[in-house]
$ cat data_21.cif   # mmCIF, C-alpha atoms
data_structure
#
loop_
_atom_site.group_PDB
_atom_site.id
_atom_site.type_symbol
_atom_site.label_atom_id
_atom_site.label_comp_id
_atom_site.auth_asym_id
_atom_site.auth_seq_id
_atom_site.Cartn_x
_atom_site.Cartn_y
_atom_site.Cartn_z
ATOM 1 C CA MET A 27 97.044 55.860 84.039
ATOM 2 C CA ALA A 28 99.431 58.304 82.385
ATOM 3 C CA GLY A 29 98.478 56.900 78.976
ATOM 4 C CA ARG A 30 101.242 56.516 76.397
ATOM 5 C CA SER A 31 103.587 58.955 78.001
ATOM 6 C CA SER A 32 107.138 58.224 76.878
ATOM 7 C CA GLY A 33 108.895 59.658 79.891
ATOM 8 C CA LYS A 34 108.227 60.413 83.484
ATOM 9 C CA MET A 35 107.854 64.037 84.393
ATOM 10 C CA GLN A 36 109.324 65.291 87.600
ATOM 11 C CA LEU A 37 107.955 68.335 89.325
ATOM 12 C CA THR A 38 110.013 69.661 92.205
ATOM 13 C CA LEU A 39 110.225 72.848 94.224
ATOM 14 C CA PRO A 40 114.030 73.278 94.593
ATOM 15 C CA SER A 41 113.569 76.351 96.781
ATOM 16 C CA ASP A 42 110.815 78.607 98.078
ATOM 17 C CA THR A 43 110.876 80.627 94.874
ATOM 18 C CA GLU A 44 111.435 77.994 92.174
ATOM 19 C CA ILE A 45 109.528 75.387 90.212
ATOM 20 C CA LEU A 46 111.466 72.782 88.234
ATOM 21 C CA LEU A 47 109.950 70.510 85.596
ATOM 22 C CA THR A 48 112.049 67.703 84.122
ATOM 23 C CA ARG A 49 110.914 65.373 81.362
ATOM 24 C CA GLU A 50 112.561 63.097 78.798
ATOM 25 C CA PHE A 51 111.237 63.055 75.231
ATOM 26 C CA ASP A 52 111.755 60.376 72.633
ATOM 27 C CA ALA A 53 113.019 62.804 69.982
ATOM 28 C CA PRO A 54 116.298 64.649 69.392
ATOM 29 C CA PRO A 55 116.787 68.168 70.833
ATOM 30 C CA HIS A 56 116.304 70.005 67.524
ATOM 31 C CA LEU A 57 112.766 68.637 67.243
ATOM 32 C CA VAL A 58 111.831 69.357 70.854
ATOM 33 C CA TYR A 59 113.228 72.847 70.363
ATOM 34 C CA GLU A 60 111.257 73.318 67.170
ATOM 35 C CA ALA A 61 108.077 72.076 68.846
ATOM 36 C CA SER A 62 108.651 74.605 71.645
ATOM 37 C CA THR A 63 109.363 77.637 69.492
ATOM 38 C CA LYS A 64 107.033 77.547 66.463
ATOM 39 C CA PRO A 65 103.518 78.854 67.143
ATOM 40 C CA GLU A 66 101.826 76.246 64.947
ATOM 41 C CA HIS A 67 103.470 73.555 67.084
ATOM 42 C CA VAL A 68 103.071 75.214 70.479
ATOM 43 C CA ARG A 69 99.322 75.565 69.888
ATOM 44 C CA ARG A 70 99.111 71.798 69.520
ATOM 45 C CA TRP A 71 100.431 70.901 72.959
ATOM 46 C CA TRP A 72 100.378 73.917 75.244
ATOM 47 C CA CYS A 73 96.614 74.354 75.261
ATOM 48 C CA CYS A 74 95.702 70.937 76.546
ATOM 49 C CA MET A 75 92.476 71.295 78.482
ATOM 50 C CA GLU A 76 89.162 70.226 77.056
ATOM 51 C CA GLY A 77 86.976 73.136 76.092
ATOM 52 C CA PHE A 78 89.924 75.548 75.994
ATOM 53 C CA THR A 79 91.052 77.288 72.828
ATOM 54 C CA MET A 80 94.207 79.226 72.085
ATOM 55 C CA PRO A 81 93.377 82.235 69.904
ATOM 56 C CA ILE A 82 96.745 83.914 70.422
ATOM 57 C CA CYS A 83 100.163 82.292 70.174
ATOM 58 C CA GLU A 84 102.858 84.755 69.149
ATOM 59 C CA ILE A 85 106.579 84.070 69.252
ATOM 60 C CA ASP A 86 109.213 86.566 68.180
ATOM 61 C CA LEU A 87 112.201 84.316 68.690
ATOM 62 C CA ARG A 88 115.124 86.672 69.149
ATOM 63 C CA VAL A 89 116.801 88.245 72.152
ATOM 64 C CA GLY A 90 114.533 91.118 73.224
ATOM 65 C CA GLY A 91 111.648 89.652 71.217
ATOM 66 C CA ALA A 92 108.250 89.135 72.826
ATOM 67 C CA TRP A 93 106.003 86.117 73.183
ATOM 68 C CA ARG A 94 102.364 85.956 74.107
ATOM 69 C CA TYR A 95 100.016 83.007 74.693
ATOM 70 C CA VAL A 96 96.323 83.493 75.363
ATOM 71 C CA MET A 97 93.849 80.732 76.020
ATOM 72 C CA LEU A 98 90.105 81.017 76.448
ATOM 73 C CA ASP A 99 88.470 78.827 79.040
ATOM 74 C CA PRO A 100 85.108 77.182 78.287
ATOM 75 C CA GLU A 101 83.322 80.280 79.642
ATOM 76 C CA GLY A 102 85.304 82.536 77.326
ATOM 77 C CA ARG A 103 87.556 84.017 80.022
ATOM 78 C CA GLU A 104 91.115 84.842 79.023
ATOM 79 C CA VAL A 105 94.063 83.038 80.552
ATOM 80 C CA GLY A 106 97.072 84.928 79.236
ATOM 81 C CA PHE A 107 100.830 84.779 79.580
ATOM 82 C CA HIS A 108 103.540 86.896 78.005
ATOM 83 C CA GLY A 109 107.219 87.703 78.280
ATOM 84 C CA GLU A 110 110.465 88.506 76.557
ATOM 85 C CA TYR A 111 113.364 86.378 75.310
ATOM 86 C CA LYS A 112 116.605 87.039 77.179
ATOM 87 C CA GLU A 113 118.879 84.359 75.804
ATOM 88 C CA ILE A 114 118.588 81.974 72.865
ATOM 89 C CA VAL A 115 120.931 79.125 71.994
ATOM 90 C CA PRO A 116 119.160 77.179 69.229
ATOM 91 C CA ASN A 117 118.418 73.538 70.130
ATOM 92 C CA GLU A 118 120.051 73.995 73.539
ATOM 93 C CA ARG A 119 118.713 76.720 75.742
ATOM 94 C CA ILE A 120 116.126 79.474 76.017
ATOM 95 C CA VAL A 121 115.844 82.014 78.816
ATOM 96 C CA HIS A 122 112.737 84.177 78.877
ATOM 97 C CA THR A 123 110.629 86.168 81.275
ATOM 98 C CA GLU A 124 107.092 85.069 81.925
ATOM 99 C CA ILE A 125 104.234 87.118 83.268
ATOM 100 C CA PHE A 126 100.853 85.688 84.082
ATOM 101 C CA ASP A 127 98.524 88.493 82.949
ATOM 102 C CA PRO A 128 96.645 88.904 86.260
ATOM 103 C CA PHE A 129 99.972 89.439 88.081
ATOM 104 C CA PRO A 130 101.936 91.962 85.966
ATOM 105 C CA GLN A 131 103.948 92.996 89.018
ATOM 106 C CA ALA A 132 105.350 89.492 89.441
ATOM 107 C CA PRO A 133 107.491 88.566 86.423
ATOM 108 C CA THR A 134 109.313 85.246 86.584
ATOM 109 C CA LEU A 135 112.413 84.017 84.776
ATOM 110 C CA VAL A 136 112.204 80.708 82.947
ATOM 111 C CA THR A 137 115.280 78.770 81.800
ATOM 112 C CA VAL A 138 114.556 75.872 79.457
ATOM 113 C CA THR A 139 117.365 73.529 78.474
ATOM 114 C CA PHE A 140 117.322 70.763 75.856
ATOM 115 C CA GLU A 141 119.940 68.141 76.617
ATOM 116 C CA ALA A 142 120.775 65.411 74.091
ATOM 117 C CA ARG A 143 120.581 61.919 75.521
ATOM 118 C CA GLY A 144 121.364 59.414 72.775
ATOM 119 C CA GLY A 145 118.639 60.419 70.336
ATOM 120 C CA LYS A 146 116.354 61.532 73.135
ATOM 121 C CA THR A 147 116.067 64.855 74.899
ATOM 122 C CA LEU A 148 116.037 65.742 78.541
ATOM 123 C CA LEU A 149 114.032 68.921 78.916
ATOM 124 C CA ARG A 150 114.447 70.974 82.056
ATOM 125 C CA SER A 151 112.338 74.034 82.738
ATOM 126 C CA LEU A 152 113.273 76.075 85.774
ATOM 127 C CA GLN A 153 110.960 78.901 86.728
ATOM 128 C CA GLN A 154 112.369 81.443 89.164
ATOM 129 C CA CYS A 155 109.990 83.787 90.931
ATOM 130 C CA ALA A 156 110.612 86.978 92.861
ATOM 131 C CA SER A 157 108.908 85.658 95.972
ATOM 132 C CA LYS A 158 107.336 82.591 97.415
ATOM 133 C CA GLU A 159 103.914 84.242 97.127
ATOM 134 C CA ALA A 160 104.479 84.710 93.393
ATOM 135 C CA ARG A 161 105.492 81.086 92.982
ATOM 136 C CA ASP A 162 102.442 79.878 94.879
ATOM 137 C CA ALA A 163 100.236 82.077 92.715
ATOM 138 C CA ILE A 164 101.632 80.379 89.613
ATOM 139 C CA ILE A 165 100.918 76.943 90.967
ATOM 140 C CA GLU A 166 97.431 78.083 91.880
ATOM 141 C CA SER A 167 96.946 79.515 88.398
ATOM 142 C CA GLY A 168 97.818 76.063 87.115
ATOM 143 C CA MET A 169 95.093 74.762 89.335
ATOM 144 C CA GLU A 170 92.731 77.321 87.969
ATOM 145 C CA HIS A 171 93.084 76.456 84.329
ATOM 146 C CA GLY A 172 93.580 72.863 85.253
ATOM 147 C CA ALA A 173 90.111 73.012 86.722
ATOM 148 C CA ALA A 174 88.703 71.613 83.505
ATOM 149 C CA ILE A 175 90.562 68.421 84.321
ATOM 150 C CA ALA A 176 88.233 66.002 86.002
ATOM 151 C CA TRP A 177 88.346 66.253 89.758
ATOM 152 C CA ASP A 178 87.649 62.610 90.298
ATOM 153 C CA ARG A 179 90.885 61.664 88.583
ATOM 154 C CA LEU A 180 92.846 63.879 90.939
ATOM 155 C CA GLU A 181 90.954 62.585 93.884
ATOM 156 C CA ALA A 182 92.020 59.147 92.704
ATOM 157 C CA VAL A 183 95.662 60.234 92.693
ATOM 158 C CA ALA A 184 95.368 61.618 96.209
ATOM 159 C CA GLY A 185 93.580 58.467 97.280
ATOM 160 C CA GLU A 186 96.335 56.305 95.804
ATOM 161 C CA LEU A 187 98.965 58.244 97.704
ATOM 162 C CA ALA A 188 97.014 57.927 100.912
ATOM 163 C CA SER A 189 96.543 54.165 100.551
ATOM 164 C CA GLY A 190 100.160 53.819 99.386
ATOM 165 C CA ALA A 191 101.239 55.490 102.599
ATOM 166 C CA ALA A 192 99.102 53.032 104.525
ATOM 167 C CA ARG A 193 100.708 50.060 102.793
ATOM 168 C CA THR A 194 104.314 51.216 102.970
ATOM 169 C CA PRO A 195 106.082 49.964 106.060
ATOM 170 C CA ALA A 196 107.973 52.667 107.882
ATOM 171 C CA PRO A 197 111.479 52.688 106.391
ATOM 172 C CA ALA A 198 114.413 52.456 108.720
ATOM 173 C CA VAL A 199 115.814 55.933 108.817
ATOM 174 C CA GLY A 200 119.357 56.348 109.974
ATOM 175 C CA GLY A 201 119.721 58.765 112.878
ATOM 176 C CA MET B 19 93.474 78.230 99.674
ATOM 177 C CA ASN B 20 95.365 78.834 102.912
ATOM 178 C CA THR B 21 98.963 79.105 101.753
ATOM 179 C CA ASP B 22 100.365 79.529 105.276
ATOM 180 C CA ARG B 23 99.069 76.151 106.203
ATOM 181 C CA LEU B 24 100.336 74.672 102.952
ATOM 182 C CA ASP B 25 103.779 76.078 103.753
ATOM 183 C CA ALA B 26 103.709 74.394 107.125
ATOM 184 C CA THR B 27 102.585 71.173 105.458
ATOM 185 C CA PHE B 28 105.342 71.234 102.830
ATOM 186 C CA ALA B 29 107.994 72.134 105.408
ATOM 187 C CA ALA B 30 106.826 69.268 107.585
ATOM 188 C CA LEU B 31 106.913 66.854 104.640
ATOM 189 C CA ALA B 32 110.415 67.907 103.579
ATOM 190 C CA ASP B 33 112.036 65.668 106.184
ATOM 191 C CA PRO B 34 112.338 61.901 105.538
ATOM 192 C CA THR B 35 111.938 60.975 109.208
ATOM 193 C CA ARG B 36 108.726 62.950 109.404
ATOM 194 C CA ARG B 37 107.419 61.307 106.235
ATOM 195 C CA ALA B 38 108.227 57.925 107.734
ATOM 196 C CA ILE B 39 106.404 58.874 110.944
ATOM 197 C CA LEU B 40 103.342 59.790 108.858
ATOM 198 C CA ALA B 41 103.564 56.509 106.960
ATOM 199 C CA ARG B 42 103.656 54.663 110.280
ATOM 200 C CA LEU B 43 100.693 56.642 111.619
ATOM 201 C CA ALA B 44 98.723 55.897 108.447
ATOM 202 C CA LYS B 45 98.561 52.335 109.795
ATOM 203 C CA GLY B 46 97.104 53.434 113.118
ATOM 204 C CA GLU B 47 97.840 55.577 116.146
ATOM 205 C CA ALA B 48 101.030 55.088 118.133
ATOM 206 C CA THR B 49 102.753 56.430 121.220
ATOM 207 C CA VAL B 50 106.050 58.309 121.120
ATOM 208 C CA THR B 51 107.796 55.214 122.480
ATOM 209 C CA GLU B 52 106.326 53.065 119.738
ATOM 210 C CA LEU B 53 107.290 55.612 117.119
ATOM 211 C CA ALA B 54 110.848 56.034 118.383
ATOM 212 C CA GLU B 55 111.620 52.322 118.240
ATOM 213 C CA PRO B 56 111.936 51.619 114.497
ATOM 214 C CA PHE B 57 113.828 54.862 113.869
ATOM 215 C CA HIS B 58 116.641 54.235 116.325
ATOM 216 C CA MET B 59 116.111 57.731 117.614
ATOM 217 C CA SER B 60 115.723 59.101 121.094
ATOM 218 C CA GLN B 61 112.260 60.009 122.290
ATOM 219 C CA PRO B 62 113.137 63.720 122.571
ATOM 220 C CA ALA B 63 114.295 63.655 118.919
ATOM 221 C CA ILE B 64 111.030 62.042 117.840
ATOM 222 C CA SER B 65 109.075 64.503 119.983
ATOM 223 C CA LYS B 66 110.736 67.359 118.151
ATOM 224 C CA HIS B 67 109.607 65.973 114.791
ATOM 225 C CA LEU B 68 106.130 65.394 116.196
ATOM 226 C CA LYS B 69 105.884 69.028 117.252
ATOM 227 C CA VAL B 70 106.572 70.112 113.675
ATOM 228 C CA LEU B 71 103.937 67.694 112.395
ATOM 229 C CA GLU B 72 101.469 68.890 115.025
ATOM 230 C CA ARG B 73 102.033 72.524 114.104
ATOM 231 C CA ALA B 74 101.327 71.639 110.459
ATOM 232 C CA GLY B 75 98.091 70.021 111.573
ATOM 233 C CA LEU B 76 99.235 66.663 110.230
ATOM 234 C CA VAL B 77 99.275 64.911 113.593
ATOM 235 C CA SER B 78 97.115 65.229 116.672
ATOM 236 C CA ARG B 79 97.769 63.873 120.184
ATOM 237 C CA GLY B 80 95.289 61.992 122.316
ATOM 238 C CA ARG B 81 94.067 63.246 125.695
ATOM 239 C CA ASP B 82 95.236 60.215 127.682
ATOM 240 C CA ALA B 83 97.880 61.863 129.904
ATOM 241 C CA GLN B 84 99.938 58.701 130.186
ATOM 242 C CA ARG B 85 100.187 57.630 126.561
ATOM 243 C CA ARG B 86 99.177 60.667 124.521
ATOM 244 C CA PRO B 87 98.876 58.560 121.336
ATOM 245 C CA CYS B 88 99.659 60.276 118.016
ATOM 246 C CA ARG B 89 97.134 60.187 115.215
ATOM 247 C CA LEU B 90 97.430 61.097 111.531
ATOM 248 C CA GLU B 91 95.262 64.008 110.366
ATOM 249 C CA ALA B 92 94.797 63.425 106.666
ATOM 250 C CA ALA B 93 93.008 66.623 105.581
ATOM 251 C CA PRO B 94 96.016 68.980 105.216
ATOM 252 C CA LEU B 95 97.980 66.214 103.521
ATOM 253 C CA ARG B 96 95.226 65.809 100.974
ATOM 254 C CA GLU B 97 95.066 69.552 100.428
ATOM 255 C CA ALA B 98 98.827 69.783 99.807
ATOM 256 C CA THR B 99 98.737 66.796 97.478
ATOM 257 C CA VAL B 100 95.851 68.085 95.417
ATOM 258 C CA TRP B 101 97.338 71.575 95.235
ATOM 259 C CA LEU B 102 100.530 70.385 93.545
ATOM 260 C CA GLU B 103 98.890 67.456 91.770
ATOM 261 C CA ARG B 104 96.664 69.693 89.692
ATOM 262 C CA TYR B 105 99.644 71.695 88.499
ATOM 263 C CA ARG B 106 101.506 68.482 87.796
ATOM 264 C CA GLU B 107 98.543 67.073 85.897
ATOM 265 C CA LEU B 108 98.406 70.178 83.709
ATOM 266 C CA TRP B 109 102.037 69.779 82.646
ATOM 267 C CA GLU B 110 101.827 66.035 82.246
ATOM 268 C CA ARG B 111 98.980 66.588 79.805
ATOM 269 C CA ARG B 112 100.947 69.191 77.915
ATOM 270 C CA PHE B 113 103.967 66.934 77.649
ATOM 271 C CA GLN B 114 101.883 64.000 76.497
ATOM 272 C CA GLN B 115 100.506 66.144 73.689
ATOM 273 C CA LEU B 116 104.068 67.197 72.939
ATOM 274 C CA ASP B 117 104.977 63.485 72.696
ATOM 275 C CA ASP B 118 102.311 63.054 70.019
ATOM 276 C CA LEU B 119 103.504 66.099 68.109
ATOM 277 C CA LEU B 120 107.135 64.919 68.266
ATOM 278 C CA GLU B 121 106.131 61.557 66.805
ATOM 279 C CA GLU B 122 104.661 63.431 63.853
ATOM 280 C CA LEU B 123 107.707 65.650 63.447
ATOM 281 C CA LYS B 124 110.026 62.628 63.555
ATOM 282 C CA THR B 125 108.006 60.866 60.873
ATOM 283 C CA LYS B 126 107.941 63.960 58.703
ATOM 284 C CA GLU B 127 111.682 64.447 59.077
ATOM 285 C CA LYS B 128 112.350 60.829 58.178
ATOM 286 C CA ARG B 129 110.230 61.162 55.053
ATOM 287 C CA HIS B 130 111.897 64.337 53.860
ATOM 288 C CA GLY B 131 115.361 63.724 55.218
ATOM 289 C CA ARG B 132 116.875 66.247 57.559
ATOM 290 C CA LYS B 133 118.265 69.315 55.862
ATOM 291 C CA LYS B 134 121.332 70.698 57.536
#
$ encode --input "data_21.cif" --output "structure tokens"
Amino acid sequence: MAGRSSGKMQLTLPSDTEILLTREFDAPPHLVYEASTKPEHVRRWWCCMEGFTMPICEIDLRVGGAWRYVMLDPEGREVGFHGEYKEIVPNERIVHTEIFDPFPQAPTLVTVTFEARGGKTLLRSLQQCASKEARDAIIESGMEHGAAIAWDRLEAVAGELASGAARTPAPAVGG
Amino acid sequence: MNTDRLDATFAALADPTRRAILARLAKGEATVTELAEPFHMSQPAISKHLKVLERAGLVSRGRDAQRRPCRLEAAPLREATVWLERYRELWERRFQQLDDLLEELKTKEKRHGRKK
């Protein structure tokens, strides 16, 4: 179902205020880093929903430099994000702030690391929010611009989980 | 979206025993005694977990005063799943497109040779 995905993404909520994404890529860190920091590359993968366009993708890759991504949904509404680079270690680590335009009062801090794994790269992106409400708003914003993604497919995922739960025998859990 | 209820749902799901109780209830209703058995736990311990699940709206109890069977309530579970799943789906799509781009960059690099 996930198509030709080369690695399995993990999405976890390590605490009430954090979101952690982990994913392995079949390319060395310098390429994953390049793909994450050059606008002409970012445009290719970051704006992934059908009917969406990405008119603005600006990256001033230096400490104190700004970045700004703006997508337009199929109705022409802006979905914008921006922030500032706090720490840059080429091919290894980027720390930047991220603000979802509708919530300027709730900046988050994102730490992305690129870890070499024998020719591959383990990418970890940890997003730290000021409050649980802010974190939930981010996840809901994902839902919002993910709305272009067919509902039936998601319903299928939920359905699979539900029937999986029905099939799985209750594991023996140690007291 | 009612985030308070989602919080309760996620908190309830954070515990492996409670997830196992839900998996058992997905197969049909059960009494506390029946639930306690496979977990090697005391009934009061199971009852405590059930209270958390009840508060999250994930489990309801029957009226029968003697047995009070527990039943799975799927709606909040579905809501919690869909809530996170859509965010997950968004990033999985992004990363799949990044996979494609990386294939291109690897090919290009191989053709030109990597300059240090």
$ closest_atom_pairs --input "data_21.cif" --of "chain B" --to "chain A" --cutoff "8 Å" --atoms "all atoms listed in the file" --output "tab-separated table"
residue	atom	partner	partner_atom	distance
B:Thr21	CA	A:Asp162	CA	7.7
B:Pro34	CA	A:Val199	CA	7.6
B:Thr35	CA	A:Val199	CA	6.4
B:Ala38	CA	A:Ala196	CA	5.3
B:Ile39	CA	A:Ala196	CA	7.1
B:Leu40	CA	A:Ala191	CA	7.9
B:Ala41	CA	A:Ala191	CA	5.0
B:Arg42	CA	A:Ala196	CA	5.3
B:Ala44	CA	A:Ala192	CA	4.9
B:Lys45	CA	A:Ala192	CA	5.3
B:Pro56	CA	A:Ala198	CA	6.3
B:Phe57	CA	A:Val199	CA	5.5
B:His58	CA	A:Gly201	CA	6.5
B:Met59	CA	A:Gly201	CA	6.0
B:Arg96	CA	A:Ala184	CA	6.3
B:Thr99	CA	A:Ala184	CA	6.3
B:Val100	CA	A:Ala184	CA	6.5
B:Trp101	CA	A:Met169	CA	7.1
B:Leu102	CA	A:Ile165	CA	7.1
B:Glu103	CA	A:Leu180	CA	7.1
B:Arg104	CA	A:Met169	CA	5.3
B:Tyr105	CA	A:Gly168	CA	4.9
B:Arg106	CA	A:Leu37	CA	6.6
B:Glu107	CA	A:Gly172	CA	7.7
B:Leu108	CA	A:Gly172	CA	5.7
B:Glu110	CA	A:Met35	CA	6.7
B:Arg111	CA	A:Cys74	CA	6.3
B:Arg112	CA	A:Trp71	CA	5.3
B:Phe113	CA	A:Trp71	CA	7.1
B:Gln114	CA	A:Ser31	CA	5.5
B:Gln115	CA	A:Trp71	CA	4.8
B:Leu116	CA	A:Trp71	CA	5.2
B:Asp117	CA	A:Phe51	CA	6.8
B:Leu119	CA	A:Arg70	CA	7.3
B:Leu120	CA	A:Ala53	CA	6.5
B:Glu121	CA	A:Ala53	CA	7.7
B:Leu123	CA	A:Leu57	CA	7.0
B:Lys124	CA	A:Ala53	CA	7.1
$ residues_around --input "data_21.cif" --residues "segment 101-106 of chain A" --least-positions-apart "3" --cutoff "12 Å" --atoms "all atoms listed in the file" --output "mmCIF file with C-alpha atoms, in the frame of the given file"
data_model
loop_
_atom_site.group_PDB
_atom_site.id
_atom_site.type_symbol
_atom_site.label_atom_id
_atom_site.label_comp_id
_atom_site.auth_asym_id
_atom_site.auth_seq_id
_atom_site.Cartn_x
_atom_site.Cartn_y
_atom_site.Cartn_z
ATOM 1 C CA CYS A 73 96.614 74.354 75.261
ATOM 2 C CA GLU A 76 89.162 70.226 77.056
ATOM 3 C CA GLY A 77 86.976 73.136 76.092
ATOM 4 C CA PHE A 78 89.924 75.548 75.994
ATOM 5 C CA THR A 79 91.052 77.288 72.828
ATOM 6 C CA MET A 80 94.207 79.226 72.085
ATOM 7 C CA PRO A 81 93.377 82.235 69.904
ATOM 8 C CA ILE A 82 96.745 83.914 70.422
ATOM 9 C CA CYS A 83 100.163 82.292 70.174
ATOM 10 C CA GLU A 84 102.858 84.755 69.149
ATOM 11 C CA TRP A 93 106.003 86.117 73.183
ATOM 12 C CA ARG A 94 102.364 85.956 74.107
ATOM 13 C CA TYR A 95 100.016 83.007 74.693
ATOM 14 C CA VAL A 96 96.323 83.493 75.363
ATOM 15 C CA MET A 97 93.849 80.732 76.020
ATOM 16 C CA LEU A 98 90.105 81.017 76.448
ATOM 17 C CA GLY A 109 107.219 87.703 78.280
ATOM 18 C CA GLU A 124 107.092 85.069 81.925
ATOM 19 C CA ILE A 125 104.234 87.118 83.268
ATOM 20 C CA PHE A 126 100.853 85.688 84.082
ATOM 21 C CA ASP A 127 98.524 88.493 82.949
ATOM 22 C CA PRO A 128 96.645 88.904 86.260
ATOM 23 C CA PHE A 129 99.972 89.439 88.081
ATOM 24 C CA PRO A 130 101.936 91.962 85.966
ATOM 25 C CA SER A 167 96.946 79.515 88.398
ATOM 26 C CA GLY A 168 97.818 76.063 87.115
ATOM 27 C CA GLU A 170 92.731 77.321 87.969
ATOM 28 C CA HIS A 171 93.084 76.456 84.329
ATOM 29 C CA GLY A 172 93.580 72.863 85.253
ATOM 30 C CA ALA A 174 88.703 71.613 83.505
#
$ atom_distance --input "data_21.cif" --atom1 "atom CA of Leu135 of chain A" --atom2 "atom CA of Asp33 of chain B"
28.2 Å
$ resolve_selection --input "data_21.cif" --expression "the PyMOL selection byres ((chain B and resi 68-76) around 8)" --output "count of residues only"
17
$ residues_near_point --input "data_21.cif" --point "(115.2, 84.3, 90.7)" --cutoff "12 Å" --atoms "all atoms listed in the file" --output "list in words"
Pro40, Ser41, Asp42, Thr43, Glu44, Ile45, Thr123, Glu124, Ala132, Pro133, Thr134, Leu135, Val136, Thr137, Leu152, Gln153, Gln154, Cys155, Ala156, Ser157, Lys158, Ala160 and Arg161 of chain A
$ atom_distance --input "data_21.cif" --atom1 "atom CA of Ala29 of chain B" --atom2 "atom CA of Leu148 of chain A"
28.8 Å
$ resolve_selection --input "data_21.cif" --expression "the PyMOL selection byres ((chain A and resi 59) around 10)" --output "tab-separated table (two decimals) with C-alpha atoms, keeping the file's coordinate frame"
chain	number	residue	atom	x	y	z
A	54	PRO	CA	116.30	64.65	69.39
A	55	PRO	CA	116.79	68.17	70.83
A	56	HIS	CA	116.30	70.00	67.52
A	57	LEU	CA	112.77	68.64	67.24
A	58	VAL	CA	111.83	69.36	70.85
A	60	GLU	CA	111.26	73.32	67.17
A	61	ALA	CA	108.08	72.08	68.85
A	62	SER	CA	108.65	74.60	71.64
A	63	THR	CA	109.36	77.64	69.49
A	64	LYS	CA	107.03	77.55	66.46
A	116	PRO	CA	119.16	77.18	69.23
A	117	ASN	CA	118.42	73.54	70.13
A	118	GLU	CA	120.05	74.00	73.54
A	119	ARG	CA	118.71	76.72	75.74
A	120	ILE	CA	116.13	79.47	76.02
A	138	VAL	CA	114.56	75.87	79.46
A	139	THR	CA	117.36	73.53	78.47
A	140	PHE	CA	117.32	70.76	75.86
A	147	THR	CA	116.07	64.86	74.90
A	149	LEU	CA	114.03	68.92	78.92
$ atom_distance --input "data_21.cif" --atom1 "atom CA of Val89 of chain A" --atom2 "atom CA of His108 of chain A"
14.6 Å
